[in-house]
Amino acid sequence: MAVIASANFVTMEDSRPMTKRVRKAVIPVGGLGTRFLPATKAMPKEMLPVVDKPLIQYAVEEAAAAGIEDFIFVTGRAKQAIEDHFDVSFELEHILERRGATERLDEVRAVCPANTRMAYTRQGDPLGLGHAVLCARELIGDEPFAVLLADDLIKSDRPCLQQLVEINEQTQGNVVGVMEVAREHTSRYGILDIGDEDGDLVTIAGLVEKPAPRNAPSRLAIIGRYVLRPEIFEHLAESQVGAGGEIQLTDAMARMIGGAPFHGLRIEGRRFDCGDKLGFFEANVAYALQRDDLADGIRRILNDYAGS
Ligand code: UTP
């Protein structure tokens, strides 16, 4: 007879671990953000605002909407502002309260979504995304988890991470968000070698980090959303420095292919590369155009400049 005690136990008939819900997310914020210097000299890139909200908050809201409860920020130098952002600010709240600025007060209080917890761990040296994820190993433990790169801002009706979590629930495997990129841009991304395709879902046959266009196995690129099984940590721990002198997450993921199911999901929605100046600017325009208080003004400004 099968004995099912809790989601973390195994049945007596089946020694495979039972389903574990994705409830933890790693948000690596240890990068140097050199493309945005000097803005990022003393301020993290992830605190750059799109309209009036920092990039990191969009990522946290998206993850919370997908059921994430525990956030692990992997921080580096000059990242104190991120901890402050998600901390209670008694003084500010008190002042807003005294002024009767109720709407602003509610916005400030809503920064940390309900029923979520924030933890911080430090990446001593920015040795790459793979190394940043490895720094979260002890805090994740033995369960599947999400990784979100806050500088990839994804505007979609269904939160992007939710789309990935749903696939993980079906397959119990690894799943990464993917999108088609121009061939001349393959050297900026981890690129998929495509196996089978089923609508938006692609079985991953191989992964190559930042291939030159002529060597790229496809134009399908990994964007900053992942749901990974904890085995990734073993592969990361064994990793050598890869492309760009960094420990690459893509290389460790490539070594997991052939184990648990590994899919790429063509995501629904629009992705803005906010680590890049033009992408960041475009995101600001797109988000401002959706705001009742800003849309007309933005349109007028854009028209004025388009004519000049
Ligand atoms: P990027 O490749 O955009 O690097 O990192 P970067 O250092 O942030 O920015 P540039 O290229 O110098 O302008 C993608 C994500 O991985 C994190 C970054 O914070 C960003 O969220 N990252 C990168 C780390 O946490 N640690 C690292 O060692 C490298």
# chains A, B, ... in the order shown; residues from 1 in each chain; ligands from 1

$ residues_near_ligand --ligand "ligand 1" --cutoff "9 Å" --atoms "only C-alpha atoms and all ligand atoms" --output "VMD selection string"
chain A and resid 27 to 37 40 44 to 46 73 to 76 123 125 to 133 148 to 152 188 224 246 to 247 274 to 276

$ write_last_selection --atoms "N, CA and C atoms" --output "CSV table (one decimal), in the first residue's frame"
chain,number,residue,atom,x,y,z
A,27,ILE,N,17.4,35.2,-7.1
A,27,ILE,CA,17.5,36.4,-8.0
A,27,ILE,C,19.0,36.8,-7.9
A,28,PRO,N,19.8,36.5,-8.9
A,28,PRO,CA,21.2,36.9,-8.8
A,28,PRO,C,21.3,38.4,-9.1
A,29,VAL,N,22.0,39.1,-8.2
A,29,VAL,CA,22.1,40.6,-8.4
A,29,VAL,C,23.6,40.9,-8.1
A,30,GLY,N,24.5,40.0,-8.4
A,30,GLY,CA,25.9,40.2,-8.0
A,30,GLY,C,26.7,40.7,-9.2
A,31,GLY,N,26.1,40.9,-10.3
A,31,GLY,CA,26.9,41.4,-11.5
A,31,GLY,C,27.3,42.8,-11.3
A,32,LEU,N,28.3,43.3,-12.2
A,32,LEU,CA,28.8,44.6,-12.1
A,32,LEU,C,28.0,45.7,-12.8
A,33,GLY,N,27.2,45.2,-13.8
A,33,GLY,CA,26.4,46.1,-14.5
A,33,GLY,C,27.2,47.2,-15.3
A,34,THR,N,28.3,46.7,-15.9
A,34,THR,CA,29.2,47.6,-16.5
A,34,THR,C,28.6,48.4,-17.7
A,35,ARG,N,27.6,47.8,-18.3
A,35,ARG,CA,27.0,48.5,-19.5
A,35,ARG,C,26.2,49.8,-19.1
A,36,PHE,N,26.0,49.9,-17.8
A,36,PHE,CA,25.2,51.1,-17.3
A,36,PHE,C,26.1,52.0,-16.4
A,37,LEU,N,27.4,51.8,-16.5
A,37,LEU,CA,28.3,52.7,-15.8
A,37,LEU,C,28.2,54.1,-16.4
A,40,THR,N,25.6,52.7,-12.5
A,40,THR,CA,25.7,51.5,-11.6
A,40,THR,C,27.0,51.5,-10.8
A,44,PRO,N,22.9,49.4,-7.7
A,44,PRO,CA,22.8,48.2,-8.5
A,44,PRO,C,21.9,48.4,-9.7
A,45,LYS,N,22.3,47.7,-10.8
A,45,LYS,CA,21.5,47.8,-12.1
A,45,LYS,C,20.1,47.5,-11.8
A,46,GLU,N,19.9,46.5,-10.9
A,46,GLU,CA,18.5,46.0,-10.7
A,46,GLU,C,17.6,47.0,-10.0
A,73,PHE,N,18.3,36.5,-2.7
A,73,PHE,CA,19.1,37.4,-3.5
A,73,PHE,C,20.5,37.1,-3.4
A,74,VAL,N,21.2,36.9,-4.4
A,74,VAL,CA,22.7,36.7,-4.4
A,74,VAL,C,23.3,38.1,-4.7
A,75,THR,N,23.8,38.7,-3.7
A,75,THR,CA,24.2,40.1,-3.9
A,75,THR,C,25.8,40.2,-4.0
A,76,GLY,N,26.2,41.4,-4.3
A,76,GLY,CA,27.6,41.7,-4.5
A,76,GLY,C,27.9,43.0,-3.9
A,123,GLN,N,27.8,37.0,-3.0
A,123,GLN,CA,28.8,36.4,-4.0
A,123,GLN,C,30.0,37.2,-3.9
A,125,ASP,N,33.1,37.2,-5.2
A,125,ASP,CA,33.6,37.7,-6.5
A,125,ASP,C,32.6,37.4,-7.6
A,126,PRO,N,32.3,38.4,-8.5
A,126,PRO,CA,31.3,38.1,-9.5
A,126,PRO,C,31.9,37.2,-10.6
A,127,LEU,N,31.9,35.9,-10.3
A,127,LEU,CA,32.5,34.9,-11.2
A,127,LEU,C,31.5,34.3,-12.2
A,128,GLY,N,30.4,35.0,-12.4
A,128,GLY,CA,29.5,34.5,-13.4
A,128,GLY,C,28.1,34.1,-12.8
A,129,LEU,N,27.2,34.0,-13.7
A,129,LEU,CA,25.8,33.6,-13.3
A,129,LEU,C,25.8,32.2,-12.6
A,130,GLY,N,26.5,31.3,-13.2
A,130,GLY,CA,26.5,29.9,-12.6
A,130,GLY,C,27.0,30.0,-11.2
A,131,HIS,N,28.1,30.7,-11.0
A,131,HIS,CA,28.6,30.8,-9.6
A,131,HIS,C,27.6,31.5,-8.7
A,132,ALA,N,26.9,32.5,-9.2
A,132,ALA,CA,25.9,33.2,-8.4
A,132,ALA,C,24.8,32.2,-7.9
A,133,VAL,N,24.4,31.4,-8.8
A,133,VAL,CA,23.3,30.4,-8.5
A,133,VAL,C,23.9,29.4,-7.5
A,148,LEU,N,15.4,34.0,-11.6
A,148,LEU,CA,14.9,35.1,-12.4
A,148,LEU,C,16.0,36.1,-12.5
A,149,LEU,N,16.3,36.6,-13.8
A,149,LEU,CA,17.3,37.7,-14.0
A,149,LEU,C,16.4,39.0,-14.1
A,150,ALA,N,16.6,39.8,-13.1
A,150,ALA,CA,15.7,41.0,-13.1
A,150,ALA,C,15.9,42.0,-14.3
A,151,ASP,N,17.1,41.9,-14.9
A,151,ASP,CA,17.2,42.8,-16.0
A,151,ASP,C,16.6,42.3,-17.3
A,152,ASP,N,16.0,41.1,-17.3
A,152,ASP,CA,15.1,40.7,-18.4
A,152,ASP,C,13.7,40.9,-17.9
A,188,ARG,N,25.3,36.4,-27.8
A,188,ARG,CA,24.9,37.1,-26.5
A,188,ARG,C,24.2,36.1,-25.6
A,224,GLY,N,16.1,35.2,-19.3
A,224,GLY,CA,16.4,35.1,-17.8
A,224,GLY,C,15.3,34.5,-17.0
A,246,GLU,N,34.0,33.1,-17.0
A,246,GLU,CA,33.0,33.0,-15.9
A,246,GLU,C,32.5,31.5,-15.8
A,247,ILE,N,31.9,31.2,-14.6
A,247,ILE,CA,31.3,29.9,-14.4
A,247,ILE,C,29.9,30.1,-15.0
A,274,CYS,N,16.7,44.8,-20.3
A,274,CYS,CA,17.0,46.1,-19.6
A,274,CYS,C,18.4,46.2,-19.1
A,275,GLY,N,19.3,45.2,-19.4
A,275,GLY,CA,20.7,45.3,-19.2
A,275,GLY,C,21.4,46.1,-20.3
A,276,ASP,N,20.6,46.4,-21.3
A,276,ASP,CA,21.1,47.1,-22.5
A,276,ASP,C,20.4,48.5,-22.5

$ residues_around --residues "A:Thr116" --least-positions-apart "6" --cutoff "9 Å" --atoms "only C-alpha atoms" --output "VMD selection string"
chain A and resid 64 68 to 71

$ closest_residue --among "A:Arg77, A:Lys20, A:His185, A:Lys210" --to "A:Glu169" --atoms "only C-alpha atoms"
A:Lys20

$ select_by_dssp --residues "stretch 75-295 of chain A" --states "strand (DSSP E or B)" --output "VMD selection string"
chain A and resid 75 117 to 122 145 to 148 152 to 155 174 to 180 190 to 198 201 to 209 220 to 228 262 to 266 270 to 273

$ residues_around --residues "A:Tyr287" --least-positions-apart "5" --cutoff "10 Å" --atoms "only C-alpha atoms" --output "list in words"
Val50, Val51, Asp52, Lys155, Glu282, Leu294 and Ala295 of chain A

$ select_by_dssp --residues "stretch 107-308 of chain A" --states "alpha helix (DSSP H)" --output "PyMOL selection string"
chain A and resi 107-109+129-134+137-140+160-171+232-237+249-254+277-288+295-306

$ closest_residue --among "A:Ala288, A:Ile223, A:Tyr305, A:Gly100" --to "A:Lys53" --atoms "only C-alpha atoms"
A:Ala288

$ atom_distance --atom1 "atom CA of A:Val60" --atom2 "atom CA of A:Leu249"
20.9 Å

$ atom_distance --atom1 "atom CA of A:Met253" --atom2 "atom CA of A:Val176"
9.9 Å

$ atom_distance --atom1 "atom CA of A:Ala42" --atom2 "atom CA of A:Ile82"
11.9 Å

$ residues_around --residues "A:Ile204" --least-positions-apart "4" --cutoff "8 Å" --atoms "only C-alpha atoms" --output "MDAnalysis selection string"
chainID A and resid 192:196 257 262:264

$ closest_residue --among "A:Val88, A:Gly206, A:Arg23, A:Glu143" --to "A:Asn115" --atoms "only C-alpha atoms"
A:Arg23
